[in-house]
$ cat upload-v4.cif   # mmCIF, C-alpha atoms and all ligand atoms
data_model
#
loop_
_atom_site.label_atom_id
_atom_site.label_comp_id
_atom_site.auth_asym_id
_atom_site.auth_seq_id
_atom_site.Cartn_x
_atom_site.Cartn_y
_atom_site.Cartn_z
CA MET C 1 -36.89 69.30 9.03
CA GLY C 2 -34.30 70.13 11.70
CA PHE C 3 -36.58 68.44 14.22
CA CYS C 4 -37.62 65.51 12.04
CA LEU C 5 -34.09 64.36 11.25
CA PRO C 6 -33.20 62.70 14.59
CA VAL C 7 -36.75 61.48 15.21
CA CYS C 8 -37.11 60.01 11.75
CA LYS C 9 -33.77 58.29 12.24
CA ILE C 10 -34.97 56.68 15.43
CA LEU C 11 -38.25 55.70 13.82
CA ARG C 12 -36.48 54.23 10.87
CA ARG C 13 -34.09 52.34 13.08
CA GLY C 14 -37.02 51.12 15.15
CA LYS C 15 -38.58 49.79 11.98
CA TYR C 16 -35.42 47.81 11.32
CA PHE C 17 -35.40 46.43 14.84
CA VAL C 18 -38.95 45.22 14.40
CA LEU C 19 -38.06 43.69 11.06
CA LEU C 20 -34.97 42.06 12.51
CA PHE C 21 -36.93 40.71 15.46
CA LEU C 22 -39.64 39.33 13.18
CA SER C 23 -37.18 37.59 10.89
CA LEU C 24 -35.24 36.14 13.84
CA SER C 25 -38.46 34.79 15.34
CA LEU C 26 -39.33 33.31 11.96
CA LEU C 27 -35.92 31.67 11.78
CA ALA C 28 -36.23 30.29 15.28
CA TRP C 29 -39.60 28.89 14.37
CA ILE C 30 -38.21 27.28 11.23
CA ALA C 31 -35.33 25.83 13.20
CA THR C 32 -37.61 24.30 15.79
CA PHE C 33 -40.02 22.70 13.38
CA SER C 34 -37.85 21.77 10.43
CA GLY C 35 -34.24 22.45 11.41
CA GLU C 36 -32.78 19.34 9.82
CA THR C 37 -34.84 19.56 6.64
CA VAL C 38 -33.79 23.11 6.00
CA LYS C 39 -30.14 22.17 6.23
CA SER C 40 -30.42 19.33 3.77
CA ILE C 41 -31.99 21.35 1.00
CA GLN C 42 -29.56 21.88 -1.84
CA LEU C 43 -28.90 25.55 -2.38
CA SER C 44 -26.63 27.64 -4.48
CA SER C 45 -23.49 28.73 -2.69
CA ALA C 46 -24.76 32.26 -2.24
CA THR C 47 -27.86 31.17 -0.39
CA THR C 48 -25.89 28.56 1.51
CA GLN C 49 -23.79 31.42 2.86
CA SER C 50 -26.77 33.30 4.19
CA LEU C 51 -28.25 30.06 5.47
CA ILE C 52 -25.10 29.41 7.47
CA ARG C 53 -25.34 32.86 8.97
CA ALA C 54 -29.01 32.29 9.71
CA ASP C 55 -28.11 28.92 11.23
CA SER C 56 -25.72 30.47 13.70
CA LEU C 57 -28.38 33.00 14.65
CA THR C 58 -30.95 30.29 15.21
CA ASP C 59 -28.35 28.40 17.22
CA LYS C 60 -28.15 31.41 19.51
CA PHE C 61 -31.91 31.48 19.74
CA LYS C 62 -31.97 27.79 20.52
CA SER C 63 -29.52 28.21 23.34
CA TRP C 64 -31.85 30.75 24.92
CA THR C 65 -34.87 28.53 24.53
CA ALA C 66 -33.09 25.20 24.87
CA THR C 67 -35.22 22.10 24.84
CA PRO C 68 -33.68 18.67 25.61
CA GLU C 69 -33.47 17.60 21.93
CA ASP C 70 -31.27 20.60 21.10
CA LEU C 71 -28.57 19.24 23.35
CA ASN C 72 -27.84 16.60 20.71
CA THR C 73 -26.27 19.05 18.24
CA PRO C 74 -22.56 18.18 17.95
CA PRO C 75 -20.16 20.72 19.46
CA PRO C 76 -17.79 22.45 16.99
CA LYS C 77 -14.73 20.35 16.21
CA HIS C 78 -11.49 21.21 17.96
CA GLU C 79 -8.27 21.35 16.03
CA CYS C 80 -6.54 17.95 15.90
CA PRO C 81 -3.61 17.53 18.33
CA GLN C 82 -0.13 18.58 17.23
CA GLU C 83 0.83 14.91 17.10
CA SER C 84 -1.79 12.43 16.04
CA PRO C 85 -2.44 9.72 18.64
CA LEU C 86 -3.07 7.28 15.77
CA LEU C 87 0.52 7.11 14.48
CA LYS C 88 2.15 3.69 14.49
CA GLY C 89 5.72 4.44 13.42
CA ALA C 90 7.40 1.97 11.07
CA VAL C 91 4.89 -0.40 9.56
CA LYS C 92 5.41 -3.61 7.69
CA LEU C 93 4.38 -3.07 4.08
CA SER C 94 2.82 -5.78 1.99
CA PHE C 95 2.57 -6.04 -1.77
CA GLU C 96 0.18 -8.92 -2.40
CA SER C 97 -0.27 -9.77 -6.04
CA SER C 98 -3.83 -10.83 -5.18
CA LEU C 99 -4.78 -7.33 -3.98
CA LYS C 100 -7.77 -5.81 -5.85
CA LEU C 101 -9.03 -2.26 -6.15
CA LYS C 102 -12.32 -3.41 -4.58
CA ASP C 103 -10.44 -4.58 -1.47
CA VAL C 104 -8.81 -1.20 -1.03
CA GLU C 105 -12.18 0.51 -1.49
CA THR C 106 -13.72 -1.70 1.18
CA GLU C 107 -10.87 -0.93 3.56
CA ASN C 108 -11.42 2.81 3.10
CA LYS C 109 -15.13 3.42 3.50
CA GLY C 110 -14.49 6.86 4.93
CA VAL C 111 -12.95 8.07 1.66
CA THR C 112 -15.19 9.60 -1.00
CA GLU C 113 -13.89 10.75 -4.35
CA GLY C 114 -10.35 10.39 -3.05
CA GLU C 115 -11.03 12.78 -0.19
CA CYS C 116 -11.15 12.26 3.55
CA GLU C 117 -10.95 14.20 6.80
CA PRO C 118 -10.83 13.28 10.48
CA VAL C 119 -14.23 12.59 12.04
CA ASP C 120 -13.71 13.99 15.51
CA CYS C 121 -11.27 16.88 15.07
CA LYS C 122 -10.46 19.60 12.61
CA ALA C 123 -7.37 18.76 10.52
CA ARG C 124 -4.41 21.11 10.86
CA GLN C 125 -3.76 21.15 7.12
CA SER C 126 -5.63 20.46 3.88
CA VAL C 127 -3.32 18.58 1.58
CA ALA C 128 -3.63 17.53 -2.07
CA ILE C 129 -1.56 14.50 -3.07
CA LEU C 130 -0.65 14.61 -6.76
CA ILE C 131 0.48 11.41 -8.49
CA PRO C 132 1.58 11.56 -12.14
CA HIS C 133 0.60 8.36 -13.88
CA ARG C 134 0.60 6.22 -16.98
CA ASN C 135 0.51 2.42 -17.28
CA ARG C 136 1.35 1.77 -13.63
CA GLU C 137 -1.98 0.51 -12.33
CA ARG C 138 -0.37 -2.14 -10.11
CA HIS C 139 1.93 0.37 -8.42
CA LEU C 140 -0.91 2.80 -8.01
CA LEU C 141 -2.97 0.14 -6.30
CA TYR C 142 -0.18 -0.66 -3.81
CA LEU C 143 0.32 3.01 -3.14
CA LEU C 144 -3.40 3.69 -2.54
CA HIS C 145 -3.56 0.64 -0.30
CA HIS C 146 -0.87 2.05 2.00
CA LEU C 147 -1.33 5.78 1.56
CA HIS C 148 -5.00 6.13 2.49
CA PRO C 149 -4.66 4.60 5.99
CA PHE C 150 -1.30 6.37 6.40
CA LEU C 151 -2.86 9.79 5.75
CA GLN C 152 -5.83 9.02 7.97
CA ARG C 153 -3.53 8.10 10.83
CA GLN C 154 -1.95 11.53 10.38
CA GLN C 155 -5.40 13.12 10.83
CA LEU C 156 -5.19 15.15 7.66
CA HIS C 157 -7.85 16.57 5.43
CA TYR C 158 -6.58 15.27 2.10
CA ALA C 159 -7.47 14.25 -1.42
CA ILE C 160 -5.56 12.08 -3.87
CA TYR C 161 -5.33 13.17 -7.50
CA VAL C 162 -3.95 10.88 -10.18
CA ILE C 163 -2.85 12.87 -13.19
CA GLN C 164 -2.98 10.57 -16.16
CA GLN C 165 -1.03 11.49 -19.29
CA ALA C 166 -3.10 10.57 -22.35
CA GLY C 167 -1.52 9.15 -25.50
CA ASP C 168 1.91 7.61 -25.80
CA VAL C 169 4.32 10.46 -26.43
CA THR C 170 7.21 10.66 -23.95
CA PHE C 171 6.16 11.02 -20.30
CA ASN C 172 6.42 14.44 -18.68
CA ARG C 173 6.17 14.08 -14.90
CA ALA C 174 6.77 17.75 -14.13
CA LYS C 175 4.13 19.09 -16.46
CA LEU C 176 1.59 16.58 -15.11
CA LEU C 177 2.31 17.89 -11.62
CA ASN C 178 1.72 21.47 -12.77
CA VAL C 179 -1.60 20.33 -14.22
CA GLY C 180 -2.47 18.54 -10.98
CA TYR C 181 -1.81 21.69 -8.96
CA LEU C 182 -3.98 23.83 -11.23
CA GLU C 183 -6.80 21.27 -11.42
CA ALA C 184 -6.87 20.45 -7.70
CA LEU C 185 -7.21 24.14 -6.84
CA LYS C 186 -10.44 24.20 -8.83
CA ASP C 187 -11.93 21.82 -6.23
CA PHE C 188 -10.65 23.33 -3.02
CA SER C 189 -8.14 25.88 -1.79
CA TRP C 190 -5.54 23.27 -0.75
CA GLU C 191 -2.82 24.85 1.36
CA CYS C 192 -0.26 22.10 0.82
CA PHE C 193 0.71 19.93 -2.14
CA ILE C 194 2.56 16.62 -2.08
CA PHE C 195 4.18 15.72 -5.41
CA HIS C 196 4.33 11.95 -5.29
CA ASP C 197 5.89 9.28 -7.49
CA VAL C 198 3.66 6.27 -7.97
CA ASP C 199 6.31 3.69 -7.10
CA LEU C 200 7.39 5.03 -3.70
CA VAL C 201 5.55 3.82 -0.61
CA PRO C 202 6.27 5.51 2.74
CA GLU C 203 7.34 3.12 5.49
CA ASN C 204 6.87 5.27 8.60
CA ASP C 205 3.86 7.44 9.40
CA HIS C 206 5.96 9.88 11.41
CA ASN C 207 6.99 11.13 7.98
CA LEU C 208 4.27 13.76 8.00
CA TYR C 209 2.57 14.72 4.75
CA VAL C 210 2.22 18.36 5.74
CA CYS C 211 3.95 21.48 4.51
CA ASP C 212 6.57 23.45 6.34
CA ASN C 213 7.61 27.07 6.08
CA GLN C 214 10.27 25.81 3.65
CA PRO C 215 9.92 23.31 0.77
CA LYS C 216 10.22 19.79 2.13
CA HIS C 217 11.81 16.72 0.62
CA LEU C 218 10.34 13.57 2.11
CA VAL C 219 12.49 10.84 0.57
CA VAL C 220 15.78 10.61 2.38
CA GLY C 221 16.14 6.88 1.85
CA ARG C 222 14.74 4.16 -0.36
CA ASN C 223 15.15 0.45 0.17
CA VAL C 224 16.78 0.12 -3.26
CA THR C 225 19.68 2.42 -2.32
CA GLY C 226 20.23 1.20 1.22
CA TYR C 227 18.21 4.14 2.59
CA LYS C 228 20.85 6.71 1.66
CA LEU C 229 20.09 10.06 0.07
CA ARG C 230 20.71 9.53 -3.66
CA TYR C 231 22.92 12.62 -3.86
CA LYS C 232 23.26 15.90 -2.04
CA GLY C 233 20.56 18.19 -3.33
CA TYR C 234 18.26 15.38 -4.48
CA PHE C 235 14.73 16.79 -4.53
CA GLY C 236 12.82 14.03 -6.30
CA GLY C 237 10.38 11.25 -5.51
CA VAL C 238 8.12 12.89 -2.94
CA THR C 239 8.18 16.59 -2.08
CA ALA C 240 5.88 18.92 -0.17
CA MET C 241 5.34 22.59 -0.99
CA THR C 242 2.67 25.03 0.09
CA LYS C 243 0.38 26.59 -2.47
CA ASN C 244 2.39 29.80 -2.24
CA GLN C 245 5.87 28.28 -2.27
CA PHE C 246 4.99 26.47 -5.49
CA LEU C 247 3.51 29.61 -7.00
CA GLN C 248 6.58 31.59 -6.00
CA VAL C 249 8.89 29.32 -8.06
CA ASN C 250 6.39 29.28 -10.96
CA GLY C 251 5.90 25.54 -10.43
CA PHE C 252 7.87 22.96 -12.39
CA SER C 253 9.34 23.49 -15.83
CA ASN C 254 7.13 22.10 -18.59
CA THR C 255 10.03 21.19 -20.85
CA TYR C 256 11.42 17.97 -19.33
CA TRP C 257 10.24 15.02 -21.41
CA GLY C 258 11.44 11.59 -20.29
CA TRP C 259 13.18 10.54 -17.12
CA GLY C 260 15.29 12.89 -15.00
CA GLY C 261 16.25 16.51 -14.50
CA GLU C 262 12.87 18.04 -13.63
CA ASP C 263 13.43 17.57 -9.89
CA ASP C 264 16.84 19.26 -10.04
CA ASP C 265 15.21 22.06 -12.01
CA LEU C 266 12.71 22.56 -9.19
CA ARG C 267 15.56 22.65 -6.67
CA ILE C 268 17.25 25.40 -8.68
CA ARG C 269 14.01 27.39 -8.69
CA VAL C 270 13.71 26.97 -4.93
CA GLU C 271 17.31 28.13 -4.45
CA ILE C 272 16.81 31.16 -6.70
CA GLN C 273 13.97 32.15 -4.36
CA LYS C 274 16.35 31.83 -1.40
CA MET C 275 14.27 29.07 0.10
CA LYS C 276 15.94 26.20 1.87
CA ILE C 277 14.99 22.54 1.43
CA VAL C 278 14.21 20.75 4.69
CA ARG C 279 14.03 17.00 5.32
CA PRO C 280 12.61 14.86 8.10
CA PRO C 281 15.07 12.67 10.05
CA ALA C 282 16.55 9.82 8.00
CA ASP C 283 15.09 7.11 10.24
CA VAL C 284 11.61 8.37 9.41
CA ALA C 285 11.87 9.50 5.78
CA ARG C 286 12.13 5.96 4.43
CA TYR C 287 10.43 4.53 1.37
CA THR C 288 10.04 1.20 -0.33
CA MET C 289 10.42 1.43 -4.06
CA VAL C 290 8.24 -1.09 -5.81
CA PHE C 291 10.26 -2.89 -8.42
CA HIS C 292 9.83 -2.04 -12.09
CA LYS C 293 11.73 -1.84 -15.34
CA ARG C 294 12.23 1.52 -17.03
CA ASP C 295 8.94 2.21 -18.80
CA SER C 296 8.86 2.56 -22.50
CA GLY C 297 7.78 6.13 -23.14
CA ASN C 298 9.88 7.35 -20.21
CA GLU C 299 13.41 6.99 -21.53
CA ILE C 300 16.26 8.91 -19.92
CA ASN C 301 16.13 12.56 -20.93
CA LYS C 302 19.48 13.13 -22.65
CA ASP C 303 18.80 16.84 -22.90
CA ARG C 304 18.45 17.38 -19.17
CA MET C 305 21.90 18.86 -18.48
CA ARG C 306 21.41 21.50 -21.17
CA LEU C 307 17.96 22.34 -19.82
CA LEU C 308 19.27 22.66 -16.26
CA GLY C 309 21.84 25.18 -17.45
CA ARG C 310 19.19 27.59 -18.66
CA THR C 311 16.83 27.37 -15.69
CA PRO C 312 17.98 30.67 -14.08
CA GLN C 313 17.17 32.46 -17.36
CA VAL C 314 13.85 30.81 -18.20
CA TRP C 315 12.09 29.92 -14.96
CA ARG C 316 9.91 33.03 -14.94
CA LYS C 317 8.44 32.19 -18.34
CA ASP C 318 8.43 28.39 -18.19
CA GLY C 319 6.22 26.94 -15.48
CA LEU C 320 2.74 27.25 -14.03
CA ASN C 321 2.14 30.44 -15.98
CA SER C 322 2.85 28.75 -19.32
CA CYS C 323 1.37 25.31 -18.66
CA SER C 324 -1.04 24.65 -21.52
CA TYR C 325 -3.00 21.40 -21.65
CA LYS C 326 -6.35 19.95 -22.51
CA THR C 327 -8.34 18.17 -19.82
CA LEU C 328 -9.88 15.09 -21.46
CA SER C 329 -11.76 13.78 -18.43
CA VAL C 330 -12.10 14.12 -14.68
CA GLU C 331 -13.36 10.89 -13.13
CA ARG C 332 -14.24 11.05 -9.45
CA LEU C 333 -13.59 7.48 -8.37
CA PRO C 334 -13.98 6.31 -4.76
CA LEU C 335 -10.26 6.36 -3.94
CA TYR C 336 -8.90 9.09 -6.20
CA VAL C 337 -9.74 11.70 -8.78
CA ASN C 338 -8.46 10.67 -12.18
CA VAL C 339 -7.61 13.76 -14.23
CA THR C 340 -6.70 12.67 -17.75
CA VAL C 341 -4.89 15.27 -19.82
CA ASP C 342 -3.40 15.87 -23.20
CA ILE C 343 -0.20 17.79 -22.45
CA GLY C 344 1.05 17.94 -26.02
CA LYS C 345 4.46 16.72 -27.12
CA PRO C 346 8.09 17.81 -26.97
CA GLN C 347 9.05 20.60 -29.32
CA SER C 348 11.82 19.35 -31.58
C1 LIG C 401 12.50 -3.00 -2.09
O1 LIG C 401 11.21 -3.45 -1.70
C2 LIG C 401 10.43 -3.99 -2.78
C3 LIG C 401 9.07 -4.31 -2.25
O2 LIG C 401 9.14 -5.15 -1.16
C4 LIG C 401 11.12 -5.20 -3.37
O3 LIG C 401 10.41 -5.66 -4.48
C5 LIG C 401 12.53 -4.84 -3.77
O4 LIG C 401 13.21 -6.00 -4.18
C6 LIG C 401 13.27 -4.19 -2.59
N1 LIG C 401 14.57 -3.80 -3.05
C7 LIG C 401 15.66 -4.02 -2.34
C8 LIG C 401 16.95 -3.68 -2.98
O5 LIG C 401 15.62 -4.47 -1.21
C1 LIG C 402 -8.10 7.55 -15.99
O1 LIG C 402 -9.09 7.80 -16.97
C2 LIG C 402 -8.69 7.44 -18.30
C3 LIG C 402 -9.80 7.89 -19.23
O2 LIG C 402 -11.01 7.33 -18.87
C4 LIG C 402 -8.43 5.95 -18.36
O3 LIG C 402 -7.99 5.59 -19.65
C5 LIG C 402 -7.35 5.60 -17.36
O4 LIG C 402 -7.15 4.20 -17.33
C6 LIG C 402 -7.73 6.08 -15.97
N1 LIG C 402 -6.60 5.88 -15.10
C7 LIG C 402 -6.72 5.49 -13.86
C8 LIG C 402 -5.48 5.28 -13.10
O5 LIG C 402 -7.80 5.32 -13.32
#

$ encode --input "upload-v4.cif" --output "structure tokens"
Amino acid sequence: MGFCLPVCKILRRGKYFVLLFLSLSLLAWIATFSGETVKSIQLSSATTQSLIRADSLTDKFKSWTATPEDLNTPPPKHECPQESPLLKGAVKLSFESSLKLKDVETENKGVTEGECEPVDCKARQSVAILIPHRNRERHLLYLLHHLHPFLQRQQLHYAIYVIQQAGDVTFNRAKLLNVGYLEALKDFSWECFIFHDVDLVPENDHNLYVCDNQPKHLVVGRNVTGYKLRYKGYFGGVTAMTKNQFLQVNGFSNTYWGWGGEDDDLRIRVEIQKMKIVRPPADVARYTMVFHKRDSGNEINKDRMRLLGRTPQVWRKDGLNSCSYKTLSVERLPLYVNVTVDIGKPQS
């Protein structure tokens, strides 16, 4: 017994070495004869994991026994440069009434199900763009037309989500954005979220759609207001927050039905958390607002001042953690994911 213990250990370990060696040789053999086929087989995520590990082992094996054809395997992608070489600065925007969804799809062949990433480098951030929507198909089309190439020039890994409010009760932008955040995270662990109005089109691609270590407000100026900040503290239109920043403020309030107030409410939440809103330079953070009349179903929210007064008391209970909704459909279209939801109606 006292003698057997170390010897048995060695023997047992030896057994494992033999086993390991045999399985590695098997893997190397598989890689040589059917490397590509193995990779393309659909597997559950658990087995994919072990396959990836096995792949890296076989890669090592291949490098020891390299044959000319192995040299074709692409090298791992490097992180994209700090500043994308594809940026163009201020671009001339066009809003052709003849533009069709098909045209925009044809222009963006690299986008599938609203998602895209750089081909030759690894994006620095993964960003979900959330666009609340109802009855604004024309605006959405113009936005998609400009936003897809814009985001690609910034070398981002991104996906566009359109959150469609079902029915015709009063619009609730903020609650739709909460839904978008929760739904998008089911697809991928996005690190950054852009909350984006459908009628604002960015004019300059140096206005980067990435998150900062503080919440970021991207709309300093709009053509309709002479490119001036609407008012000090304005936090509407297009904003960028990380997954954690948004979680920390419990997201948006769910109680703002109709136009206005919800963006100020978010600012109050951010301030309560001692975060500081940052903005890009004014010459870059410029938007064109596509003309429209006030929608029916999105009348000015007369209750907004009262609601803003109670934000410091209610923000912990009213937000992401109390956002109840029913997902009616998730359509994965070429240029965006359409999440259609029933978000209920205002409590009277
Ligand atoms: C802003 O730009 C849009 C789109 O070109 C245009 O329809 C609108 O009239 C412009 N507004 C102002 C005030 O220039
Ligand atoms: C999203 O899907 C709903 C349900 O199919 C549809 O009514 C709506 O028009 C779609 N919206 C967009 C912008 O694709």

$ axis_aligned_box --input "upload-v4.cif" --around "ligand LIG 401 (chain C)" --padding-each-side "5 Å" --output "AutoDock Vina command-line options"
--center_x 13.0 --center_y -4.5 --center_z -2.8 --size_x 17.9 --size_y 13.0 --size_z 13.3

$ closest_residue --input "upload-v4.cif" --among "C:Gln154, C:Gln125, C:Ser322, C:Ser329" --to "ligand LIG 402 (chain C)" --atoms "only C-alpha atoms and all ligand atoms"
C:Ser329

$ residues_near_ligand --input "upload-v4.cif" --ligand "ligand LIG 402 (chain C)" --cutoff "7 Å" --atoms "all atoms listed in the file" --output "number ranges by chain"
C: 133, 137, 162, 164, 329, 331, 338-340

$ residues_near_ligand --input "upload-v4.cif" --ligand "ligand LIG 401 (chain C)" --cutoff "8 Å" --atoms "all atoms listed in the file" --output "list in words"
Leu93, Ser94, Phe95, Arg222, Asn223, Val224, Thr225, Gly226, Thr288, Met289, Val290 and Phe291 of chain C

$ closest_residue --input "upload-v4.cif" --among "C:Gly221, C:Gly297, C:Pro149, C:Pro280" --to "Cys116 (chain C)" --atoms "all atoms listed in the file"
C:Pro149

$ closest_atom_pairs --input "upload-v4.cif" --of "region 144-224 of chain C" --to "region 236-253 of chain C" --cutoff "12 Å" --atoms "all atoms listed in the file" --output "JSON lines"
{"residue": "C:Asn172", "atom": "CA", "partner": "C:Ser253", "partner_atom": "CA", "distance": 9.9}
{"residue": "C:Arg173", "atom": "CA", "partner": "C:Phe252", "partner_atom": "CA", "distance": 9.4}
{"residue": "C:Ala174", "atom": "CA", "partner": "C:Phe252", "partner_atom": "CA", "distance": 5.6}
{"residue": "C:Lys175", "atom": "CA", "partner": "C:Phe252", "partner_atom": "CA", "distance": 6.7}
{"residue": "C:Leu176", "atom": "CA", "partner": "C:Phe252", "partner_atom": "CA", "distance": 9.4}
{"residue": "C:Leu177", "atom": "CA", "partner": "C:Phe252", "partner_atom": "CA", "distance": 7.6}
{"residue": "C:Asn178", "atom": "CA", "partner": "C:Gly251", "partner_atom": "CA", "distance": 6.3}
{"residue": "C:Val179", "atom": "CA", "partner": "C:Gly251", "partner_atom": "CA", "distance": 9.9}
{"residue": "C:Gly180", "atom": "CA", "partner": "C:Gly251", "partner_atom": "CA", "distance": 10.9}
{"residue": "C:Tyr181", "atom": "CA", "partner": "C:Lys243", "partner_atom": "CA", "distance": 8.4}
{"residue": "C:Leu182", "atom": "CA", "partner": "C:Gly251", "partner_atom": "CA", "distance": 10.1}
{"residue": "C:Ala184", "atom": "CA", "partner": "C:Lys243", "partner_atom": "CA", "distance": 10.8}
{"residue": "C:Leu185", "atom": "CA", "partner": "C:Lys243", "partner_atom": "CA", "distance": 9.1}
{"residue": "C:Phe188", "atom": "CA", "partner": "C:Lys243", "partner_atom": "CA", "distance": 11.5}
{"residue": "C:Ser189", "atom": "CA", "partner": "C:Lys243", "partner_atom": "CA", "distance": 8.6}
{"residue": "C:Trp190", "atom": "CA", "partner": "C:Lys243", "partner_atom": "CA", "distance": 7.0}
{"residue": "C:Glu191", "atom": "CA", "partner": "C:Lys243", "partner_atom": "CA", "distance": 5.3}
{"residue": "C:Cys192", "atom": "CA", "partner": "C:Thr242", "partner_atom": "CA", "distance": 4.2}
{"residue": "C:Phe193", "atom": "CA", "partner": "C:Met241", "partner_atom": "CA", "distance": 5.5}
{"residue": "C:Ile194", "atom": "CA", "partner": "C:Ala240", "partner_atom": "CA", "distance": 4.5}
{"residue": "C:Phe195", "atom": "CA", "partner": "C:Thr239", "partner_atom": "CA", "distance": 5.3}
{"residue": "C:His196", "atom": "CA", "partner": "C:Val238", "partner_atom": "CA", "distance": 4.6}
{"residue": "C:Asp197", "atom": "CA", "partner": "C:Gly237", "partner_atom": "CA", "distance": 5.3}
{"residue": "C:Val198", "atom": "CA", "partner": "C:Gly237", "partner_atom": "CA", "distance": 8.7}
{"residue": "C:Asp199", "atom": "CA", "partner": "C:Gly237", "partner_atom": "CA", "distance": 8.7}
{"residue": "C:Leu200", "atom": "CA", "partner": "C:Gly237", "partner_atom": "CA", "distance": 7.1}
{"residue": "C:Val201", "atom": "CA", "partner": "C:Val238", "partner_atom": "CA", "distance": 9.7}
{"residue": "C:Pro202", "atom": "CA", "partner": "C:Val238", "partner_atom": "CA", "distance": 9.5}
{"residue": "C:Asn207", "atom": "CA", "partner": "C:Val238", "partner_atom": "CA", "distance": 11.1}
{"residue": "C:Leu208", "atom": "CA", "partner": "C:Ala240", "partner_atom": "CA", "distance": 9.8}
{"residue": "C:Tyr209", "atom": "CA", "partner": "C:Ala240", "partner_atom": "CA", "distance": 7.3}
{"residue": "C:Val210", "atom": "CA", "partner": "C:Ala240", "partner_atom": "CA", "distance": 7.0}
{"residue": "C:Cys211", "atom": "CA", "partner": "C:Ala240", "partner_atom": "CA", "distance": 5.7}
{"residue": "C:Asp212", "atom": "CA", "partner": "C:Met241", "partner_atom": "CA", "distance": 7.5}
{"residue": "C:Asn213", "atom": "CA", "partner": "C:Thr242", "partner_atom": "CA", "distance": 8.0}
{"residue": "C:Gln214", "atom": "CA", "partner": "C:Met241", "partner_atom": "CA", "distance": 7.5}
{"residue": "C:Pro215", "atom": "CA", "partner": "C:Met241", "partner_atom": "CA", "distance": 5.0}
{"residue": "C:Lys216", "atom": "CA", "partner": "C:Ala240", "partner_atom": "CA", "distance": 5.0}
{"residue": "C:His217", "atom": "CA", "partner": "C:Thr239", "partner_atom": "CA", "distance": 4.5}
{"residue": "C:Leu218", "atom": "CA", "partner": "C:Val238", "partner_atom": "CA", "distance": 5.6}
{"residue": "C:Val219", "atom": "CA", "partner": "C:Val238", "partner_atom": "CA", "distance": 6.0}
{"residue": "C:Val220", "atom": "CA", "partner": "C:Gly237", "partner_atom": "CA", "distance": 9.6}
{"residue": "C:Gly221", "atom": "CA", "partner": "C:Gly237", "partner_atom": "CA", "distance": 10.3}
{"residue": "C:Arg222", "atom": "CA", "partner": "C:Gly237", "partner_atom": "CA", "distance": 9.8}

$ write_last_selection --input "upload-v4.cif" --atoms "C-alpha atoms" --output "compact mmCIF listing (two decimals), keeping the file's coordinate frame"
# COMPACT_ATOMS: atom_id res chain seq x y z
CA ASN C 172 6.42 14.44 -18.68
CA ARG C 173 6.17 14.08 -14.90
CA ALA C 174 6.77 17.75 -14.13
CA LYS C 175 4.13 19.09 -16.46
CA LEU C 176 1.59 16.58 -15.11
CA LEU C 177 2.31 17.89 -11.62
CA ASN C 178 1.72 21.47 -12.77
CA VAL C 179 -1.60 20.33 -14.22
CA GLY C 180 -2.47 18.54 -10.98
CA TYR C 181 -1.81 21.69 -8.96
CA LEU C 182 -3.98 23.83 -11.23
CA ALA C 184 -6.87 20.45 -7.70
CA LEU C 185 -7.21 24.14 -6.84
CA PHE C 188 -10.65 23.33 -3.02
CA SER C 189 -8.14 25.88 -1.79
CA TRP C 190 -5.54 23.27 -0.75
CA GLU C 191 -2.82 24.85 1.36
CA CYS C 192 -0.26 22.10 0.82
CA PHE C 193 0.71 19.93 -2.14
CA ILE C 194 2.56 16.62 -2.08
CA PHE C 195 4.18 15.72 -5.41
CA HIS C 196 4.33 11.95 -5.29
CA ASP C 197 5.89 9.28 -7.49
CA VAL C 198 3.66 6.27 -7.97
CA ASP C 199 6.31 3.69 -7.10
CA LEU C 200 7.39 5.03 -3.70
CA VAL C 201 5.55 3.82 -0.61
CA PRO C 202 6.27 5.51 2.74
CA ASN C 207 6.99 11.13 7.98
CA LEU C 208 4.27 13.76 8.00
CA TYR C 209 2.57 14.72 4.75
CA VAL C 210 2.22 18.36 5.74
CA CYS C 211 3.95 21.48 4.51
CA ASP C 212 6.57 23.45 6.34
CA ASN C 213 7.61 27.07 6.08
CA GLN C 214 10.27 25.81 3.65
CA PRO C 215 9.92 23.31 0.77
CA LYS C 216 10.22 19.79 2.13
CA HIS C 217 11.81 16.72 0.62
CA LEU C 218 10.34 13.57 2.11
CA VAL C 219 12.49 10.84 0.57
CA VAL C 220 15.78 10.61 2.38
CA GLY C 221 16.14 6.88 1.85
CA ARG C 222 14.74 4.16 -0.36

$ atom_distance --input "upload-v4.cif" --atom1 "CA of Thr170 (chain C)" --atom2 "CA of Ser296 (chain C)"
8.4 Å

$ closest_residue --input "upload-v4.cif" --among "C:Ser126, C:Glu203, C:Leu320, C:Leu333" --to "Lys92 (chain C)" --atoms "all atoms listed in the file"
C:Glu203

$ closest_residue --input "upload-v4.cif" --among "C:Trp257, C:Ala90, C:Gly114, C:Thr327" --to "Asp168 (chain C)" --atoms "all atoms listed in the file"
C:Trp257
